[in-house]
$ cat protein-v7.txt   # compact mmCIF, C-alpha atoms and all ligand atoms
# COMPACT_ATOMS: atom_id res chain seq x y z
CA MET A 11 -9.97 2.65 -3.74
CA SER A 12 -8.41 -0.40 -2.16
CA VAL A 13 -8.69 -1.98 1.28
CA GLN A 14 -5.60 -3.35 2.92
CA THR A 15 -4.77 -5.26 6.02
CA MET A 16 -1.72 -6.95 7.52
CA CYS A 17 -1.05 -10.57 8.40
CA ASN A 18 -0.39 -11.15 12.08
CA VAL A 19 0.88 -14.73 12.03
CA ASP A 20 4.54 -15.74 12.21
CA PRO A 21 6.22 -14.47 9.01
CA HIS A 22 8.04 -17.82 8.74
CA ASP A 23 4.82 -19.84 8.77
CA ALA A 24 3.95 -20.23 5.09
CA ALA A 25 0.82 -22.31 5.67
CA GLY A 26 -0.51 -19.92 8.31
CA LEU A 27 0.13 -16.91 6.10
CA SER A 28 -1.55 -18.49 3.09
CA GLU A 29 -4.58 -19.38 5.16
CA GLN A 30 -4.87 -15.87 6.55
CA ILE A 31 -4.41 -14.25 3.15
CA ALA A 32 -7.14 -16.45 1.66
CA ALA A 33 -9.49 -15.55 4.52
CA CYS A 34 -8.83 -11.83 4.03
CA ALA A 35 -9.21 -12.03 0.25
CA ALA A 36 -12.52 -13.84 0.70
CA VAL A 37 -14.00 -10.89 2.59
CA GLY A 38 -12.78 -8.33 0.06
CA CYS A 39 -9.18 -7.48 0.93
CA ASP A 40 -7.39 -6.00 -2.10
CA ILE A 41 -3.80 -5.84 -0.86
CA ILE A 42 -2.12 -7.55 2.08
CA ARG A 43 1.02 -6.63 3.97
CA LEU A 44 3.44 -9.04 5.61
CA THR A 45 6.28 -8.18 7.87
CA VAL A 46 9.68 -9.31 6.57
CA PRO A 47 12.03 -9.11 9.57
CA ASP A 48 14.81 -11.27 8.10
CA VAL A 49 15.97 -12.79 4.86
CA GLU A 50 14.46 -16.15 5.79
CA ALA A 51 11.05 -14.48 6.01
CA ALA A 52 11.61 -13.03 2.54
CA LYS A 53 11.98 -16.57 1.20
CA VAL A 54 8.70 -17.54 2.86
CA PHE A 55 7.16 -14.37 1.43
CA GLY A 56 8.14 -15.52 -2.07
CA GLU A 57 6.70 -18.97 -1.50
CA VAL A 58 3.40 -17.56 -0.24
CA ARG A 59 3.22 -14.96 -3.01
CA LYS A 60 3.10 -17.67 -5.67
CA ALA A 61 -0.33 -18.82 -4.48
CA SER A 62 -1.70 -15.53 -3.15
CA PRO A 63 -4.90 -14.32 -4.82
CA ILE A 64 -4.03 -10.70 -3.98
CA PRO A 65 -0.92 -8.47 -4.18
CA MET A 66 1.45 -8.63 -1.23
CA VAL A 67 3.40 -5.78 0.36
CA ALA A 68 6.64 -6.50 2.23
CA ASP A 69 6.96 -4.48 5.43
CA ILE A 70 10.62 -3.65 6.03
CA HIS A 71 12.33 -1.96 8.95
CA PHE A 72 16.03 -1.20 9.31
CA ASP A 73 17.58 -3.96 7.18
CA TYR A 74 17.84 -3.03 3.51
CA ARG A 75 18.87 -6.61 2.67
CA CYS A 76 15.36 -7.72 3.60
CA ALA A 77 14.00 -5.18 1.11
CA LEU A 78 16.26 -6.51 -1.63
CA ALA A 79 15.33 -10.10 -0.76
CA ALA A 80 11.61 -9.24 -0.75
CA ILE A 81 11.85 -7.57 -4.16
CA GLU A 82 13.67 -10.63 -5.45
CA ALA A 83 10.99 -12.85 -3.92
CA GLY A 84 8.24 -11.12 -5.90
CA ALA A 85 6.92 -8.42 -3.57
CA ASP A 86 4.27 -6.28 -5.25
CA ALA A 87 5.25 -3.30 -3.11
CA LEU A 88 7.41 -2.38 -0.15
CA ARG A 89 6.52 -0.48 2.95
CA LEU A 90 9.81 1.07 3.95
CA ASN A 91 11.12 4.32 5.35
CA PRO A 92 14.38 5.03 3.53
CA GLY A 93 15.66 7.08 6.45
CA ASN A 94 15.64 3.90 8.56
CA ILE A 95 17.79 1.63 6.42
CA GLY A 96 21.22 3.07 6.98
CA PRO A 97 23.56 4.94 4.66
CA ARG A 98 22.73 6.41 1.28
CA GLU A 99 24.15 3.45 -0.62
CA ASN A 100 21.55 1.19 1.02
CA VAL A 101 18.79 3.51 -0.12
CA ARG A 102 20.32 3.60 -3.58
CA ALA A 103 20.44 -0.20 -3.79
CA VAL A 104 16.80 -0.55 -2.76
CA ALA A 105 15.61 2.27 -5.02
CA ARG A 106 17.47 0.77 -7.97
CA ALA A 107 16.10 -2.75 -7.39
CA ALA A 108 12.56 -1.47 -6.83
CA LYS A 109 12.71 0.66 -9.96
CA GLU A 110 13.99 -2.23 -12.02
CA LYS A 111 11.12 -4.49 -10.93
CA LYS A 112 8.56 -1.65 -10.94
CA VAL A 113 7.85 -2.15 -7.25
CA PRO A 114 6.28 0.88 -5.55
CA ILE A 115 7.43 1.95 -2.10
CA ARG A 116 5.11 3.17 0.62
CA ILE A 117 6.67 5.52 3.08
CA GLY A 118 4.91 4.86 6.35
CA VAL A 119 5.45 7.50 8.99
CA ASN A 120 4.04 6.76 12.41
CA ALA A 121 3.48 9.13 15.34
CA GLY A 122 5.03 6.57 17.69
CA SER A 123 8.32 6.31 15.81
CA LEU A 124 9.25 9.81 14.65
CA GLU A 125 12.93 10.55 14.13
CA ARG A 126 14.70 11.65 17.28
CA ASP A 127 14.99 15.34 16.37
CA LEU A 128 11.31 15.57 15.42
CA ALA A 129 10.25 13.64 18.52
CA ALA A 130 12.26 16.15 20.58
CA GLU A 131 10.28 18.99 18.97
CA VAL A 132 7.04 17.23 19.92
CA ALA A 133 8.33 16.80 23.47
CA ALA A 134 9.12 20.53 23.51
CA GLY A 135 5.48 21.29 22.73
CA GLU A 136 5.44 21.61 18.92
CA ARG A 137 2.35 20.36 17.10
CA ARG A 138 2.94 16.85 15.87
CA ALA A 139 0.96 16.88 12.61
CA PRO A 140 3.34 19.21 10.72
CA LEU A 141 6.27 17.16 12.03
CA LEU A 142 4.75 13.95 10.72
CA VAL A 143 4.46 15.62 7.32
CA LYS A 144 8.03 16.86 7.62
CA SER A 145 9.21 13.34 8.36
CA ALA A 146 7.34 11.92 5.36
CA MET A 147 8.85 14.58 3.10
CA ARG A 148 12.35 13.77 4.34
CA HIS A 149 11.90 10.12 3.47
CA LEU A 150 10.41 11.07 0.13
CA LYS A 151 13.40 13.26 -0.70
CA LEU A 152 15.78 10.38 -0.04
CA LEU A 153 13.99 8.31 -2.68
CA GLU A 154 13.61 11.17 -5.13
CA ASP A 155 17.31 11.91 -4.82
CA GLU A 156 17.84 8.40 -6.16
CA GLY A 157 15.46 9.04 -9.04
CA PHE A 158 12.68 6.94 -7.50
CA TYR A 159 9.17 8.41 -7.75
CA ASP A 160 6.75 5.48 -7.49
CA VAL A 161 5.84 6.36 -3.92
CA VAL A 162 2.77 6.13 -1.71
CA ILE A 163 2.73 7.95 1.62
CA SER A 164 1.06 7.30 4.93
CA ALA A 165 1.49 9.29 8.13
CA LYS A 166 -0.50 7.76 10.91
CA ALA A 167 -1.45 8.97 14.33
CA SER A 168 -3.65 7.28 16.90
CA ASN A 169 -5.61 10.45 17.51
CA VAL A 170 -8.51 11.14 15.13
CA ALA A 171 -8.18 14.93 14.96
CA GLU A 172 -4.43 14.64 14.40
CA THR A 173 -4.93 12.03 11.68
CA ILE A 174 -7.33 14.33 9.83
CA GLU A 175 -4.97 17.29 10.22
CA VAL A 176 -1.90 15.42 9.01
CA TYR A 177 -3.58 13.95 5.92
CA ARG A 178 -5.10 17.29 4.97
CA MET A 179 -1.60 18.76 5.17
CA LEU A 180 -0.13 15.89 3.15
CA ALA A 181 -2.78 16.33 0.45
CA GLU A 182 -1.72 19.97 0.13
CA THR A 183 1.99 19.17 0.23
CA THR A 184 2.41 16.25 -2.17
CA ASP A 185 0.84 14.65 -5.23
CA CYS A 186 1.85 11.17 -4.06
CA PRO A 187 -1.04 8.75 -3.50
CA LEU A 188 -2.00 8.56 0.16
CA HIS A 189 -2.62 5.45 2.23
CA LEU A 190 -5.00 6.31 5.07
CA GLY A 191 -5.08 4.85 8.52
CA VAL A 192 -5.41 5.56 12.20
CA THR A 193 -2.63 3.69 13.93
CA GLU A 194 -3.12 1.72 17.12
CA ALA A 195 -6.79 2.58 16.99
CA GLY A 196 -7.70 0.06 19.68
CA THR A 197 -10.07 -2.85 20.08
CA PHE A 198 -12.94 -3.59 17.74
CA LEU A 199 -15.62 -1.14 18.84
CA PRO A 200 -13.63 2.00 19.73
CA GLY A 201 -11.21 1.27 16.90
CA THR A 202 -14.02 0.98 14.38
CA VAL A 203 -15.48 4.29 15.51
CA ARG A 204 -12.12 6.11 15.40
CA ASN A 205 -11.28 4.75 11.98
CA SER A 206 -14.75 5.46 10.61
CA VAL A 207 -14.73 9.07 11.79
CA ALA A 208 -11.19 9.85 10.58
CA LEU A 209 -11.30 7.96 7.30
CA GLY A 210 -14.88 8.99 6.60
CA ILE A 211 -14.05 12.68 6.88
CA LEU A 212 -10.89 12.39 4.77
CA LEU A 213 -12.42 10.21 2.08
CA SER A 214 -15.45 12.48 1.82
CA GLU A 215 -13.01 15.33 1.12
CA GLY A 216 -11.47 13.29 -1.68
CA ILE A 217 -8.30 12.53 0.29
CA GLY A 218 -6.90 8.99 0.23
CA ASP A 219 -6.23 6.23 -2.27
CA THR A 220 -5.98 3.14 -0.09
CA VAL A 221 -7.13 2.43 3.45
CA ARG A 222 -6.18 0.20 6.29
CA VAL A 223 -8.39 0.00 9.33
CA SER A 224 -6.07 -0.84 12.18
CA LEU A 225 -7.76 -2.81 14.95
CA THR A 226 -6.73 -5.08 17.76
CA ALA A 227 -8.71 -7.80 16.03
CA ARG A 228 -8.31 -10.39 13.31
CA PRO A 229 -7.27 -8.95 9.94
CA GLU A 230 -10.52 -10.13 8.31
CA LYS A 231 -12.36 -7.82 10.71
CA GLU A 232 -10.19 -4.91 9.64
CA VAL A 233 -11.08 -5.65 6.03
CA ARG A 234 -14.79 -5.80 6.76
CA VAL A 235 -14.74 -2.46 8.54
CA GLY A 236 -12.70 -0.92 5.74
CA MET A 237 -15.14 -2.22 3.17
CA GLU A 238 -18.11 -0.84 5.08
CA ILE A 239 -16.47 2.58 5.38
CA LEU A 240 -15.96 2.67 1.62
CA ARG A 241 -19.46 1.37 0.93
CA SER A 242 -21.00 3.95 3.22
CA LEU A 243 -19.46 6.62 0.99
CA SER A 244 -20.35 4.79 -2.24
CA LEU A 245 -16.66 4.28 -2.94
CA ARG A 246 -17.16 0.54 -3.20
CA GLU A 247 -19.75 -1.73 -4.75
CA PRO A 248 -22.59 -2.44 -2.33
CA GLY A 249 -22.24 -5.68 -0.41
CA PRO A 250 -24.86 -7.56 1.53
CA ALA A 251 -27.52 -4.91 1.91
CA ILE A 252 -29.51 -5.51 5.03
CA THR A 253 -31.95 -3.09 6.55
CA SER A 254 -32.75 -4.09 10.09
CA CYS A 255 -34.47 -2.35 12.97
CA PRO A 256 -32.78 -1.82 16.33
CA THR A 257 -35.47 -3.94 18.10
CA CYS A 258 -37.54 -2.64 20.99
CA GLY A 259 -40.06 -3.83 23.56
CA ARG A 260 -42.40 -4.90 20.76
CA THR A 261 -39.95 -7.44 19.34
CA LYS A 262 -41.05 -11.04 19.92
CA VAL A 263 -38.45 -12.81 17.76
CA ASP A 264 -34.68 -13.13 18.14
CA LEU A 265 -34.06 -10.47 15.53
CA MET A 266 -30.37 -9.91 16.29
CA HIS A 267 -29.59 -13.55 15.74
CA THR A 268 -31.69 -13.77 12.58
CA ALA A 269 -30.18 -10.59 11.08
CA SER A 270 -26.62 -11.66 11.81
CA GLN A 271 -27.23 -15.14 10.36
CA ILE A 272 -28.68 -13.57 7.21
CA GLU A 273 -25.64 -11.31 6.92
CA ILE A 274 -23.31 -14.32 7.10
CA ALA A 275 -25.43 -16.25 4.59
CA LEU A 276 -25.42 -13.34 2.12
CA GLU A 277 -21.67 -12.95 2.42
CA THR A 278 -21.30 -16.61 1.53
CA LEU A 279 -23.50 -16.07 -1.53
CA ALA A 280 -21.46 -13.00 -2.48
CA LYS A 281 -18.26 -15.04 -2.34
CA ASP A 282 -19.88 -17.43 -4.81
CA GLY A 283 -20.46 -14.49 -7.13
CA ILE A 284 -24.23 -14.40 -6.59
CA LYS A 285 -25.95 -11.05 -7.01
CA LEU A 286 -27.34 -10.10 -3.66
CA PRO A 287 -30.84 -8.87 -2.91
CA HIS A 288 -31.73 -6.10 -0.53
CA VAL A 289 -33.09 -7.79 2.58
CA ALA A 290 -35.10 -6.09 5.33
CA VAL A 291 -35.26 -7.73 8.74
CA MET A 292 -37.80 -5.98 10.90
CA GLY A 293 -39.05 -6.70 14.40
CA CYS A 294 -42.75 -6.02 14.07
CA ALA A 295 -45.60 -4.71 11.96
CA VAL A 296 -45.03 -1.05 12.91
CA ASN A 297 -42.39 -0.40 10.23
CA GLY A 298 -42.00 -3.88 8.78
CA PRO A 299 -44.52 -3.78 5.91
CA GLY A 300 -43.25 -0.32 4.89
CA GLU A 301 -39.64 -1.49 4.75
CA ALA A 302 -40.75 -4.66 2.96
CA LYS A 303 -42.03 -2.54 0.08
CA GLY A 304 -38.56 -1.16 -0.57
CA ALA A 305 -36.73 -4.47 -0.21
CA ASP A 306 -36.39 -7.53 -2.43
CA ILE A 307 -36.97 -9.85 0.50
CA ALA A 308 -38.28 -8.88 3.93
CA LEU A 309 -38.96 -10.56 7.22
CA CYS A 310 -41.47 -8.87 9.47
CA GLY A 311 -41.49 -10.20 13.02
CA GLY A 312 -44.59 -11.49 14.79
CA ASP A 313 -44.82 -13.63 17.91
CA GLY A 314 -42.08 -16.24 17.42
CA GLU A 315 -42.43 -16.16 13.65
CA PHE A 316 -42.04 -13.85 10.66
CA ILE A 317 -44.17 -12.80 7.76
CA LEU A 318 -42.06 -13.17 4.65
CA TYR A 319 -42.32 -10.63 1.84
CA VAL A 320 -40.87 -10.98 -1.62
CA LYS A 321 -40.82 -7.87 -3.79
CA GLY A 322 -43.19 -6.18 -1.37
CA GLU A 323 -45.81 -8.95 -1.41
CA SER A 324 -46.51 -11.25 1.51
CA VAL A 325 -45.79 -14.88 0.66
CA GLY A 326 -46.80 -16.30 4.03
CA LYS A 327 -45.47 -17.02 7.46
CA VAL A 328 -42.15 -18.63 8.31
CA SER A 329 -40.88 -19.89 11.65
CA GLU A 330 -37.81 -18.31 13.26
CA ARG A 331 -35.95 -21.53 12.68
CA ASP A 332 -36.64 -21.59 8.93
CA ALA A 333 -36.35 -17.85 8.29
CA VAL A 334 -32.70 -17.68 7.19
CA GLY A 335 -33.06 -20.70 4.89
CA LYS A 336 -36.11 -19.13 3.23
CA VAL A 337 -34.30 -15.83 2.68
CA VAL A 338 -31.42 -17.69 1.03
CA GLU A 339 -33.87 -19.69 -1.09
CA TYR A 340 -35.51 -16.53 -2.42
CA ALA A 341 -32.15 -14.80 -2.81
CA LEU A 342 -31.11 -17.60 -5.13
CA SER A 343 -34.39 -17.49 -7.04
CA LEU A 344 -34.18 -13.72 -7.56
CA ARG A 345 -30.65 -13.58 -8.93
S1 LIG B 1 -39.84 -2.24 13.70
FE1 LIG B 1 -41.06 -2.80 15.45
S2 LIG B 1 -39.71 -4.04 16.69
FE2 LIG B 1 -38.40 -2.91 15.29
S3 LIG B 1 -37.85 -1.08 16.45
FE3 LIG B 1 -39.62 -0.57 15.18
S4 LIG B 1 -41.36 -0.88 16.54
FE4 LIG B 1 -39.62 -1.95 17.47

$ encode --input "protein-v7.txt" --output "structure tokens"
Amino acid sequence: MSVQTMCNVDPHDAAGLSEQIAACAAVGCDIIRLTVPDVEAAKVFGEVRKASPIPMVADIHFDYRCALAAIEAGADALRLNPGNIGPRENVRAVARAAKEKKVPIRIGVNAGSLERDLAAEVAAGERRAPLLVKSAMRHLKLLEDEGFYDVVISAKASNVAETIEVYRMLAETTDCPLHLGVTEAGTFLPGTVRNSVALGILLSEGIGDTVRVSLTARPEKEVRVGMEILRSLSLREPGPAITSCPTCGRTKVDLMHTASQIEIALETLAKDGIKLPHVAVMGCAVNGPGEAKGADIALCGGDGEFILYVKGESVGKVSERDAVGKVVEYALSLR
């Protein structure tokens, strides 16, 4: 199960793209998509691909020459709707080139850009989910008619219920791998919730092969949310495992700050390939010692300080200022 995101810097800015790809890969991104709006961008794509630590998908709309240029430049996959690239010979040219280089094509149907006749049906009151599936199947047929079968399908809506409906229908309609996503899901908090609900339900039903969490936020954030969705369903190796309490009137330490600093520190250790401990960060002695028993390292808040536990045993007090450093120190000693 792979997590994807999409670069949002200028597709002609090789340095900016490389930097963003590295940042996304560092937080666990498996595949990254770049828009290729013109042939010049395809050249930049090829340049960036040479140093990219992860596979790169070229996102193509309308101009089949961009698809051909992206394949030539070393694209690992295309995202392209064959119904949008002009006459049949254009589709044939792209299908042939993709087949030759073993480049898969993702058909990406979107509720906001349905074909005119299908959009008219929606406007006339027809349910949109079956029409999204119909659109995807039309695009698929265009590729299959050219003998091209290495296809992934996505059909995204911005509405959670509609997303679930359309992917359930797709799973019954086709054997193609499915790329899941809620499109235009919004800013970080509402977008995270919408994606988590839709993708969580579908993935728990065994539907979906890759995911992209679409957020109005930096791509690294999309990756982190995607990773957490997969981890919550045990579809991905556990990452920094932190148990922390919600805080309450008893809390006399800055627990939110400490917990978030520990999360960042553990992610840095994970990037260095260090096996991570389970860390509990608790606000007081009500539940702290109990959680400490089940954790490798635990901080239990007192008045401006913590009691530090290692493997369930108290090893003494630590000030708020030194708490994160001590957790890292023990994390390194336990690996
Ligand atoms: S562990 Fe303590 S501080 Fe945290 S929520 Fe429970 S009672 Fe409050």

$ residues_near_ligand --input "protein-v7.txt" --ligand "ligand LIG 1 (chain B)" --cutoff "8 Å" --atoms "only C-alpha atoms and all ligand atoms" --output "list in words"
Ser254, Cys255, Pro256, Thr257, Cys258, Gly259, Arg260, Thr261, Lys262, Met292, Gly293, Cys294, Ala295, Val296, Asn297, Gly298 and Gly311 of chain A

$ write_last_selection --input "protein-v7.txt" --atoms "C-alpha atoms" --output "CSV table (one decimal), in the coordinates of the input"
chain,number,residue,atom,x,y,z
A,254,SER,CA,-32.8,-4.1,10.1
A,255,CYS,CA,-34.5,-2.4,13.0
A,256,PRO,CA,-32.8,-1.8,16.3
A,257,THR,CA,-35.5,-3.9,18.1
A,258,CYS,CA,-37.5,-2.6,21.0
A,259,GLY,CA,-40.1,-3.8,23.6
A,260,ARG,CA,-42.4,-4.9,20.8
A,261,THR,CA,-40.0,-7.4,19.3
A,262,LYS,CA,-41.0,-11.0,19.9
A,292,MET,CA,-37.8,-6.0,10.9
A,293,GLY,CA,-39.0,-6.7,14.4
A,294,CYS,CA,-42.8,-6.0,14.1
A,295,ALA,CA,-45.6,-4.7,12.0
A,296,VAL,CA,-45.0,-1.0,12.9
A,297,ASN,CA,-42.4,-0.4,10.2
A,298,GLY,CA,-42.0,-3.9,8.8
A,311,GLY,CA,-41.5,-10.2,13.0

$ atom_distance --input "protein-v7.txt" --atom1 "CA of Ile272 in chain A" --atom2 "CA of Ser12 in chain A"
25.9 Å

$ residues_near_point --input "protein-v7.txt" --point "(-28.3, -9.0, 1.5)" --cutoff "10 Å" --atoms "all atoms listed in the file" --output "compact mmCIF listing (two decimals) with C-alpha atoms, in the frame of the given file"
# COMPACT_ATOMS: atom_id res chain seq x y z
CA PRO A 248 -22.59 -2.44 -2.33
CA GLY A 249 -22.24 -5.68 -0.41
CA PRO A 250 -24.86 -7.56 1.53
CA ALA A 251 -27.52 -4.91 1.91
CA ILE A 252 -29.51 -5.51 5.03
CA THR A 253 -31.95 -3.09 6.55
CA ALA A 269 -30.18 -10.59 11.08
CA ILE A 272 -28.68 -13.57 7.21
CA GLU A 273 -25.64 -11.31 6.92
CA ILE A 274 -23.31 -14.32 7.10
CA ALA A 275 -25.43 -16.25 4.59
CA LEU A 276 -25.42 -13.34 2.12
CA GLU A 277 -21.67 -12.95 2.42
CA LEU A 279 -23.50 -16.07 -1.53
CA ALA A 280 -21.46 -13.00 -2.48
CA LYS A 285 -25.95 -11.05 -7.01
CA LEU A 286 -27.34 -10.10 -3.66
CA PRO A 287 -30.84 -8.87 -2.91
CA HIS A 288 -31.73 -6.10 -0.53
CA VAL A 289 -33.09 -7.79 2.58
CA ALA A 290 -35.10 -6.09 5.33
CA ALA A 305 -36.73 -4.47 -0.21
CA ASP A 306 -36.39 -7.53 -2.43
CA ILE A 307 -36.97 -9.85 0.50
CA VAL A 337 -34.30 -15.83 2.68
CA VAL A 338 -31.42 -17.69 1.03
CA ALA A 341 -32.15 -14.80 -2.81

$ closest_residue --input "protein-v7.txt" --among "A:Gly122, A:Val58, A:Val223, A:Ala103" --to "Leu44 in chain A" --atoms "all atoms listed in the file"
A:Val58

$ residues_around --input "protein-v7.txt" --residues "Val192 in chain A" --least-positions-apart "3" --cutoff "7 Å" --atoms "all atoms listed in the file" --output "JSON, numbers by chain"
{"A": [166, 167, 168, 173, 195, 205, 223, 224]}

$ residues_around --input "protein-v7.txt" --residues "Leu225 in chain A" --least-positions-apart "4" --cutoff "12 Å" --atoms "all atoms listed in the file" --output "list of chain:residue names"
A:Thr15, A:Met16, A:Asn18, A:Ser168, A:Gly191, A:Val192, A:Thr193, A:Glu194, A:Ala195, A:Gly196, A:Thr197, A:Phe198, A:Leu199, A:Pro200, A:Gly201, A:Thr202, A:Val203, A:Arg204, A:Asn205, A:Ser206, A:Pro229, A:Glu230, A:Lys231, A:Glu232, A:Val233, A:Arg234, A:Val235, A:Gly236

$ residues_around --input "protein-v7.txt" --residues "range 181-188 of chain A" --least-positions-apart "3" --cutoff "9 Å" --atoms "all atoms listed in the file" --output "list of chain:residue names"
A:Arg116, A:Val143, A:Met147, A:Tyr159, A:Asp160, A:Val161, A:Val162, A:Ile163, A:Ser164, A:Ala165, A:Val176, A:Tyr177, A:Arg178, A:Ile217, A:Gly218, A:Asp219, A:Thr220, A:Val221

$ atom_distance --input "protein-v7.txt" --atom1 "CA of Leu245 in chain A" --atom2 "CA of Leu344 in chain A"
25.5 Å

$ closest_residue --input "protein-v7.txt" --among "A:Glu154, A:Phe316, A:Ala146, A:Lys111" --to "Leu128 in chain A" --atoms "only C-alpha atoms"
A:Ala146

$ closest_residue --input "protein-v7.txt" --among "A:Ser145, A:Pro140, A:His71, A:Ile95" --to "Val119 in chain A" --atoms "all atoms listed in the file"
A:Ser145

$ closest_residue --input "protein-v7.txt" --among "A:Asp264, A:Lys144, A:Arg228, A:Leu213" --to "Arg246 in chain A" --atoms "only C-alpha atoms"
A:Leu213

$ closest_residue --input "protein-v7.txt" --among "A:Ala87, A:Ala77, A:Ala302, A:Met11" --to "Ile42 in chain A" --atoms "all atoms listed in the file"
A:Ala87

$ residues_around --input "protein-v7.txt" --residues "Gly56 in chain A" --least-positions-apart "2" --cutoff "10 Å" --atoms "all atoms listed in the file" --output "list in words"
Ala24, Ala51, Ala52, Lys53, Val54, Val58, Arg59, Lys60, Ala61, Ser62, Met66, Ala79, Ala80, Ile81, Glu82, Ala83, Gly84 and Ala85 of chain A

$ atom_distance --input "protein-v7.txt" --atom1 "CA of Val207 in chain A" --atom2 "CA of Ser244 in chain A"
15.7 Å

$ closest_residue --input "protein-v7.txt" --among "A:Leu152, A:Ala121, A:Leu309, A:Val37" --to "Asn91 in chain A" --atoms "all atoms listed in the file"
A:Leu152

$ residues_around --input "protein-v7.txt" --residues "Gly314 in chain A" --least-positions-apart "3" --cutoff "7 Å" --atoms "all atoms listed in the file" --output "ChimeraX atom specification"
/A:262-263,329-330

$ axis_aligned_box --input "protein-v7.txt" --around "range 107-126 of chain A" --padding-each-side "6 Å" --output "lines of an AutoDock Vina configuration file"
center_x = 9.8
center_y = 3.6
center_z = 2.8
size_x = 24.6
size_y = 28.1
size_z = 41.7

$ decode --input "protein-v7.txt" --residues "range 42-59 of chain A" --atoms "N, CA and C atoms" --output "tab-separated table (two decimals), in the first residue's frame"
chain	number	residue	atom	x	y	z
A	42	ILE	N	5.61	10.15	-6.09
A	42	ILE	CA	5.26	11.57	-6.16
A	42	ILE	C	4.84	11.95	-7.58
A	43	ARG	N	3.86	12.83	-7.65
A	43	ARG	CA	3.32	13.24	-8.95
A	43	ARG	C	3.70	14.69	-9.23
A	44	LEU	N	4.04	14.94	-10.47
A	44	LEU	CA	4.40	16.30	-10.91
A	44	LEU	C	3.55	16.64	-12.11
A	45	THR	N	3.06	17.85	-12.15
A	45	THR	CA	2.33	18.25	-13.33
A	45	THR	C	3.33	18.53	-14.47
A	46	VAL	N	2.95	18.11	-15.67
A	46	VAL	CA	3.79	18.36	-16.85
A	46	VAL	C	2.92	19.09	-17.88
A	47	PRO	N	2.85	20.42	-17.77
A	47	PRO	CA	1.94	21.18	-18.63
A	47	PRO	C	2.49	21.48	-20.02
A	48	ASP	N	3.80	21.30	-20.20
A	48	ASP	CA	4.39	21.58	-21.52
A	48	ASP	C	5.66	20.73	-21.68
A	49	VAL	N	6.15	20.73	-22.88
A	49	VAL	CA	7.30	19.87	-23.17
A	49	VAL	C	8.54	20.32	-22.40
A	50	GLU	N	8.65	21.61	-22.15
A	50	GLU	CA	9.78	22.12	-21.36
A	50	GLU	C	9.75	21.51	-19.96
A	51	ALA	N	8.55	21.42	-19.39
A	51	ALA	CA	8.42	20.83	-18.05
A	51	ALA	C	8.80	19.34	-18.08
A	52	ALA	N	8.56	18.69	-19.19
A	52	ALA	CA	8.95	17.27	-19.30
A	52	ALA	C	10.47	17.13	-19.23
A	53	LYS	N	11.16	18.10	-19.80
A	53	LYS	CA	12.64	18.06	-19.74
A	53	LYS	C	13.10	18.21	-18.28
A	54	VAL	N	12.46	19.16	-17.58
A	54	VAL	CA	12.79	19.36	-16.16
A	54	VAL	C	12.46	18.09	-15.38
A	55	PHE	N	11.33	17.49	-15.71
A	55	PHE	CA	10.91	16.24	-15.06
A	55	PHE	C	12.04	15.20	-15.17
A	56	GLY	N	12.59	15.08	-16.38
A	56	GLY	CA	13.65	14.09	-16.61
A	56	GLY	C	14.89	14.39	-15.79
A	57	GLU	N	15.21	15.69	-15.70
A	57	GLU	CA	16.38	16.10	-14.92
A	57	GLU	C	16.18	15.75	-13.44
A	58	VAL	N	15.00	16.07	-12.93
A	58	VAL	CA	14.70	15.83	-11.52
A	58	VAL	C	14.64	14.33	-11.24
A	59	ARG	N	14.10	13.58	-12.18
A	59	ARG	CA	13.93	12.13	-11.97
A	59	ARG	C	15.27	11.44	-11.70
